[in-house]
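File shown here: entry.cif, holding mmCIF, C-alpha atoms.
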```cif
data_my_file
loop_
_atom_site.label_atom_id
_atom_site.label_comp_id
_atom_site.auth_asym_id
_atom_site.auth_seq_id
_atom_site.Cartn_x
_atom_site.Cartn_y
_atom_site.Cartn_z
CA PRO A 1 -77.83 -206.56 42.06
CA ASP A 2 -81.01 -208.31 43.16
CA THR A 3 -80.30 -208.09 46.89
CA ALA A 4 -78.90 -204.90 48.41
CA LEU A 5 -78.64 -206.18 51.99
CA TRP A 6 -79.47 -209.38 53.86
CA LEU A 7 -79.52 -209.42 57.66
CA ALA A 8 -80.61 -212.77 59.05
CA ASP A 9 -80.46 -211.88 62.75
CA VAL A 10 -81.19 -208.39 64.08
CA LYS A 11 -81.86 -207.94 67.82
CA THR A 12 -84.54 -205.48 68.88
CA ASP A 13 -84.63 -203.28 71.94
CA ALA A 14 -87.13 -203.66 74.82
CA LYS A 15 -89.82 -201.92 72.76
CA GLY A 16 -89.33 -204.32 69.86
CA ARG A 17 -87.51 -201.83 67.63
CA ALA A 18 -84.28 -202.23 65.69
CA ARG A 19 -82.27 -199.86 63.53
CA THR A 20 -79.84 -200.64 60.73
CA GLU A 21 -78.20 -198.64 57.98
CA ILE A 22 -77.82 -199.40 54.28
CA THR A 23 -75.80 -197.93 51.46
CA TRP A 24 -77.90 -198.39 48.34
CA PRO A 25 -76.16 -199.98 45.36
CA ASP A 26 -75.49 -197.88 42.27
CA ALA A 27 -78.74 -198.96 40.60
CA LEU A 28 -81.48 -196.46 39.80
CA THR A 29 -84.58 -198.44 40.69
CA THR A 30 -87.21 -199.10 43.34
CA TRP A 31 -85.95 -201.27 46.20
CA ARG A 32 -88.30 -203.28 48.37
CA THR A 33 -87.50 -203.78 52.05
CA THR A 34 -89.07 -206.76 53.78
CA ALA A 35 -88.79 -207.20 57.54
CA ARG A 36 -90.03 -210.24 59.46
CA ALA A 37 -89.99 -210.56 63.23
CA VAL A 38 -90.50 -213.44 65.65
CA THR A 39 -90.71 -213.09 69.43
CA VAL A 40 -89.46 -215.58 71.96
CA ASP A 41 -93.06 -216.64 72.61
CA THR A 42 -93.61 -217.20 68.80
CA ARG A 43 -95.60 -214.09 67.94
CA VAL A 44 -94.81 -212.99 64.38
CA GLY A 45 -95.10 -209.87 62.26
CA SER A 46 -93.89 -208.45 58.97
CA ALA A 47 -93.73 -205.19 57.05
CA ILE A 48 -92.85 -204.16 53.50
CA ASP A 49 -91.58 -200.74 52.43
CA ARG A 50 -90.33 -199.37 49.10
CA ARG A 51 -87.65 -196.77 48.37
CA ILE A 52 -86.85 -195.16 45.04
CA VAL A 53 -83.12 -194.71 44.45
CA ARG A 54 -82.27 -192.07 41.85
CA LYS A 55 -79.81 -189.33 41.08
CA ASN A 56 -80.82 -185.69 41.34
CA LEU A 57 -79.41 -185.01 37.87
CA ILE A 58 -79.79 -187.66 35.18
CA LEU A 59 -78.55 -187.81 31.59
CA ARG A 60 -80.22 -190.14 29.08
CA LEU A 61 -79.09 -190.61 25.48
CA ALA A 62 -81.90 -191.64 23.12
CA VAL A 63 -79.96 -193.76 20.62
CA PRO A 64 -81.10 -196.43 18.15
CA ARG A 65 -80.38 -200.11 18.85
CA PHE A 66 -78.08 -200.14 15.80
CA PHE A 67 -76.90 -197.93 12.93
CA THR A 68 -76.54 -198.78 9.25
CA VAL A 69 -73.58 -197.38 7.31
CA GLY A 70 -74.71 -194.08 5.82
CA ASP A 71 -77.27 -193.30 8.55
CA GLU A 72 -77.37 -189.69 9.71
CA VAL A 73 -79.13 -189.57 13.07
CA GLU A 74 -80.00 -186.98 15.70
CA ILE A 75 -79.18 -188.16 19.23
CA PRO A 76 -81.15 -186.33 21.93
CA ALA A 77 -79.25 -185.91 25.22
CA ILE A 78 -82.04 -185.55 27.79
CA VAL A 79 -81.10 -183.97 31.12
CA MET A 80 -83.55 -184.33 34.03
CA ASN A 81 -83.17 -182.06 37.06
CA TYR A 82 -84.75 -183.33 40.30
CA LEU A 83 -83.12 -180.58 42.36
CA ALA A 84 -85.12 -177.69 43.83
CA ALA A 85 -83.12 -175.01 41.95
CA PRO A 86 -82.57 -174.39 38.23
CA GLN A 87 -79.30 -175.78 36.88
CA ARG A 88 -76.86 -174.58 34.22
CA ILE A 89 -75.64 -177.77 32.57
CA GLN A 90 -72.79 -178.22 30.09
CA THR A 91 -73.59 -181.26 27.94
CA SER A 92 -71.04 -182.94 25.72
CA LEU A 93 -70.98 -185.88 23.34
CA ALA A 94 -67.86 -187.80 22.30
CA VAL A 95 -68.00 -190.50 19.62
CA GLU A 96 -65.59 -193.19 18.46
CA GLY A 97 -66.37 -194.72 15.08
CA LEU A 98 -68.99 -192.11 14.12
CA GLU A 99 -68.71 -188.69 12.53
CA LEU A 100 -69.99 -185.95 14.86
CA LEU A 101 -71.79 -183.29 12.78
CA SER A 102 -72.82 -180.98 15.68
CA PRO A 103 -70.74 -179.02 18.17
CA ALA A 104 -69.37 -181.43 20.80
CA GLU A 105 -70.55 -179.23 23.71
CA GLN A 106 -73.91 -177.56 24.25
CA PRO A 107 -75.10 -175.57 27.32
CA LEU A 108 -78.57 -176.09 28.78
CA GLU A 109 -80.73 -174.37 31.38
CA VAL A 110 -82.81 -176.98 33.22
CA ASN A 111 -85.71 -175.87 35.42
CA PRO A 112 -86.28 -177.41 38.86
CA ARG A 113 -88.06 -180.76 38.54
CA GLY A 114 -87.83 -180.32 34.77
CA GLU A 115 -85.89 -181.53 31.77
CA ALA A 116 -84.13 -180.08 28.75
CA VAL A 117 -82.70 -181.59 25.58
CA ALA A 118 -79.45 -181.04 23.68
CA ARG A 119 -79.42 -182.50 20.17
CA TYR A 120 -76.37 -183.99 18.47
CA ARG A 121 -76.17 -185.14 14.84
CA VAL A 122 -73.94 -188.08 13.93
CA ARG A 123 -73.21 -190.09 10.78
CA ALA A 124 -72.27 -193.77 10.60
CA THR A 125 -69.41 -194.18 8.13
CA ARG A 126 -68.17 -197.76 8.56
CA PRO A 127 -69.42 -201.10 9.88
CA GLY A 128 -68.36 -202.37 13.31
CA GLU A 129 -69.04 -201.05 16.80
CA VAL A 130 -69.10 -197.43 17.90
CA LYS A 131 -68.78 -195.90 21.34
CA ILE A 132 -70.89 -192.90 22.38
CA THR A 133 -70.07 -191.03 25.60
CA GLY A 134 -72.42 -188.33 26.88
CA LYS A 135 -71.77 -186.03 29.84
CA ALA A 136 -73.91 -183.53 31.74
CA LEU A 137 -71.81 -181.36 34.06
CA GLY A 138 -73.86 -179.27 36.47
CA MET A 139 -73.31 -176.72 39.21
CA GLU A 140 -74.24 -179.18 41.97
CA GLU A 141 -74.28 -182.64 40.39
CA SER A 142 -73.22 -184.36 37.17
CA ASP A 143 -73.96 -187.53 35.24
CA ALA A 144 -72.44 -189.44 32.32
CA VAL A 145 -73.29 -192.44 30.20
CA GLU A 146 -71.27 -194.57 27.76
CA LEU A 147 -72.90 -196.85 25.18
CA THR A 148 -71.56 -199.29 22.59
CA ILE A 149 -73.76 -199.75 19.52
CA PRO A 150 -73.28 -201.91 16.40
CA VAL A 151 -73.09 -200.41 12.91
CA ARG A 152 -74.41 -202.77 10.26
CA PRO A 153 -73.15 -202.67 6.69
CA PHE A 154 -75.38 -201.13 4.06
CA GLY A 155 -76.95 -203.87 1.98
CA ILE A 156 -79.03 -206.98 2.28
CA GLU A 157 -78.23 -210.37 3.69
CA THR A 158 -78.07 -213.10 1.05
CA LEU A 159 -78.19 -216.80 1.80
CA THR A 160 -76.71 -219.33 -0.63
CA SER A 161 -76.92 -223.12 -0.32
CA ASN A 162 -74.60 -225.67 -1.90
CA THR A 163 -74.68 -229.43 -1.64
CA GLY A 164 -72.20 -232.13 -2.47
CA SER A 165 -70.54 -235.20 -1.12
CA ILE A 166 -67.10 -236.11 0.05
CA LYS A 167 -65.97 -239.62 -0.89
CA GLY A 168 -63.30 -241.87 0.48
CA ASP A 169 -60.03 -240.15 1.33
CA GLU A 170 -61.02 -236.74 -0.08
CA PRO A 171 -60.60 -234.34 2.91
CA ALA A 172 -62.45 -231.36 1.43
CA GLY A 173 -64.90 -230.17 -1.16
CA GLU A 174 -64.88 -226.98 -3.19
CA PHE A 175 -67.52 -224.51 -4.24
CA GLU A 176 -67.44 -220.94 -5.44
CA ILE A 177 -69.12 -217.93 -3.82
CA ALA A 178 -69.56 -214.82 -5.93
CA PHE A 179 -69.92 -211.45 -4.26
CA PRO A 180 -71.46 -208.63 -6.33
CA ALA A 181 -68.77 -206.51 -7.99
CA ASP A 182 -70.03 -203.34 -6.25
CA ALA A 183 -70.20 -204.92 -2.76
CA ILE A 184 -68.55 -202.83 -0.05
CA ALA A 185 -65.35 -204.60 1.04
CA GLY A 186 -66.05 -204.17 4.78
CA ALA A 187 -69.59 -205.49 4.33
CA ARG A 188 -68.59 -208.89 2.97
CA SER A 189 -68.77 -211.70 5.45
CA LEU A 190 -69.03 -215.44 5.16
CA GLU A 191 -70.49 -217.90 7.61
CA ILE A 192 -70.30 -221.62 6.85
CA LYS A 193 -72.53 -224.04 8.72
#
```
Here is the file; what I need is its structure written in the form of structure tokens.
Amino acid sequence: PDTALWLADVKTDAKGRARTEITWPDALTTWRTTARAVTVDTRVGSAIDRRIVRKNLILRLAVPRFFTVGDEVEIPAIVMNYLAAPQRIQTSLAVEGLELLSPAEQPLEVNPRGEAVARYRVRATRPGEVKITGKALGMEESDAVELTIPVRPFGIETLTSNTGSIKGDEPAGEFEIAFPADAIAGARSLEIK
């Protein structure tokens, strides 16, 4: 969300002070607060303040933008601990559409105001979309993330052009497209423009 809270009319007390409460949206970012005031006798003032909204325990998965069939990739699961005490974290990775080559769960010790990394190996076996779900379960707080990533077929894109004409009452034309004999069945696609 772009706007967390909008208050068009807040009354101040005799000293010109007002108080309001906000519940920050579930967005890890820096929020800017802008306050403008106008008195009855048209004196004006303004102030700007910034607040960083974050979790005390954060999990990030460092994944590629896409996979290609046959790729074997290491996915780092980075856990950041902003708490004042060290944390024992149980990380896990679940995949749909990929082959998981590492243990699905790995424990981590994360120092205060530090980070640690669990590494998971995966292999892309078929084209389509895959879902990756990472979890970091801690003693005090937890975090999770779910990502959907495309898997491209192994091969190269080939463009073929054909021309012709359709005359009179002929509703359609014909042309032949030849796929290589060793082309992977799931990798064949056809787009006609």
Distance table requested - region 88-189 of chain A against region 47-64 of chain A, cut-off 7 Å, all atoms listed in the file: one row per qualifying residue with the closest atom pair and its distance in Å to one decimal, ordered by chain and rising residue number, as JSON lines.
```
{"residue": "A:Ala136", "atom": "CA", "partner": "A:Leu59", "partner_atom": "CA", "distance": 6.3}
{"residue": "A:Glu141", "atom": "CA", "partner": "A:Leu57", "partner_atom": "CA", "distance": 6.2}
{"residue": "A:Ser142", "atom": "CA", "partner": "A:Leu57", "partner_atom": "CA", "distance": 6.3}
{"residue": "A:Asp143", "atom": "CA", "partner": "A:Ile58", "partner_atom": "CA", "distance": 5.8}
{"residue": "A:Ala144", "atom": "CA", "partner": "A:Leu59", "partner_atom": "CA", "distance": 6.4}
```
I'd like the interatomic distance between CA of Met80 (chain A) and CA of Gly134 (chain A), to a tenth of an Å. 13.8 Å
List the residues selected by the PyMOL selection byres ((chain A and resi 104-113) around 6) in the file shown, writing them as a PyMOL selection string. chain A and resi 81-93+103+114-116
Serialized selection, C-alpha atoms, as a short mmCIF file (atom, residue, chain, number, x, y, z; two decimals), keeping the file's coordinate frame:
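Wrote it out as out-v2.cif, contents follow:
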```
data_model
loop_
_atom_site.label_atom_id
_atom_site.label_comp_id
_atom_site.auth_asym_id
_atom_site.auth_seq_id
_atom_site.Cartn_x
_atom_site.Cartn_y
_atom_site.Cartn_z
CA ASN A 81 -83.17 -182.06 37.06
CA TYR A 82 -84.75 -183.33 40.30
CA LEU A 83 -83.12 -180.58 42.36
CA ALA A 84 -85.12 -177.69 43.83
CA ALA A 85 -83.12 -175.01 41.95
CA PRO A 86 -82.57 -174.39 38.23
CA GLN A 87 -79.30 -175.78 36.88
CA ARG A 88 -76.86 -174.58 34.22
CA ILE A 89 -75.64 -177.77 32.57
CA GLN A 90 -72.79 -178.22 30.09
CA THR A 91 -73.59 -181.26 27.94
CA SER A 92 -71.04 -182.94 25.72
CA LEU A 93 -70.98 -185.88 23.34
CA PRO A 103 -70.74 -179.02 18.17
CA GLY A 114 -87.83 -180.32 34.77
CA GLU A 115 -85.89 -181.53 31.77
CA ALA A 116 -84.13 -180.08 28.75
#
```
Quick one: which residues end up in the PyMOL selection byres ((chain A and resi 154) around 8) for this structure, as a PyMOL selection string? chain A and resi 68-70+152-153+155-156+187
So which residues get picked by the PyMOL selection byres ((chain A and resi 36) around 6) here, written as a ChimeraX atom specification? /A:35,37,45-46
Keeping only C-alpha atoms, write the selected residues to a file as a compact mmCIF listing (two decimals), keeping the file's coordinate frame.
```txt
# COMPACT_ATOMS: atom_id res chain seq x y z
CA ALA A 35 -88.79 -207.20 57.54
CA ALA A 37 -89.99 -210.56 63.23
CA GLY A 45 -95.10 -209.87 62.26
CA SER A 46 -93.89 -208.45 58.97
```
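Atom pair CA of Glu99 (chain A) / CA of Ile78 (chain A): separated by 20.5 Å.
What separates CA of Leu137 (chain A) from CA of Val79 (chain A) is a distance of 10.1 Å.
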I'd like the contact shell of Thr3 (chain A) - 10 Å cut-off, all atoms listed in the file, skipping same-chain residues fewer than 2 positions apart - returned as an MDAnalysis selection string. chainID A and resid 1 5:6 25 31:33
File of the preceding selection, C-alpha atoms, as a PDB file, in the frame of the given file:
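What landed in out_12.pdb:
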```pdb
ATOM      1  CA  PRO A   1     -77.830-206.560  42.060  1.00  0.00           C
ATOM      2  CA  LEU A   5     -78.640-206.180  51.990  1.00  0.00           C
ATOM      3  CA  TRP A   6     -79.470-209.380  53.860  1.00  0.00           C
ATOM      4  CA  PRO A  25     -76.160-199.980  45.360  1.00  0.00           C
ATOM      5  CA  TRP A  31     -85.950-201.270  46.200  1.00  0.00           C
ATOM      6  CA  ARG A  32     -88.300-203.280  48.370  1.00  0.00           C
ATOM      7  CA  THR A  33     -87.500-203.780  52.050  1.00  0.00           C
TER       8      THR A  33
END
```
If I put a ball of radius 10 Å at (-83.0, -187.3, 15.4) in the file's coordinates, which residues poke into it when counting all atoms listed in the file, written as a list in words?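 In the file's frame, the residues around the point are Ala62, Val63, Pro64, Glu72, Val73, Glu74, Ile75, Pro76, Arg119, Tyr120, Arg121 and Val122 of chain A.
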Near-Ile132 (chain A) list (7 Å; all atoms listed in the file; drop same-chain fewer than 4 positions) as a list in words: Ala94, Val95, Glu96, Glu146, Leu147 and Thr148 of chain A
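Taking only C-alpha atoms into account, Arg65 (chain A) lies nearest to A:Glu129 out of the set A:Glu174, A:Asp182, A:Glu129, A:Asp9.
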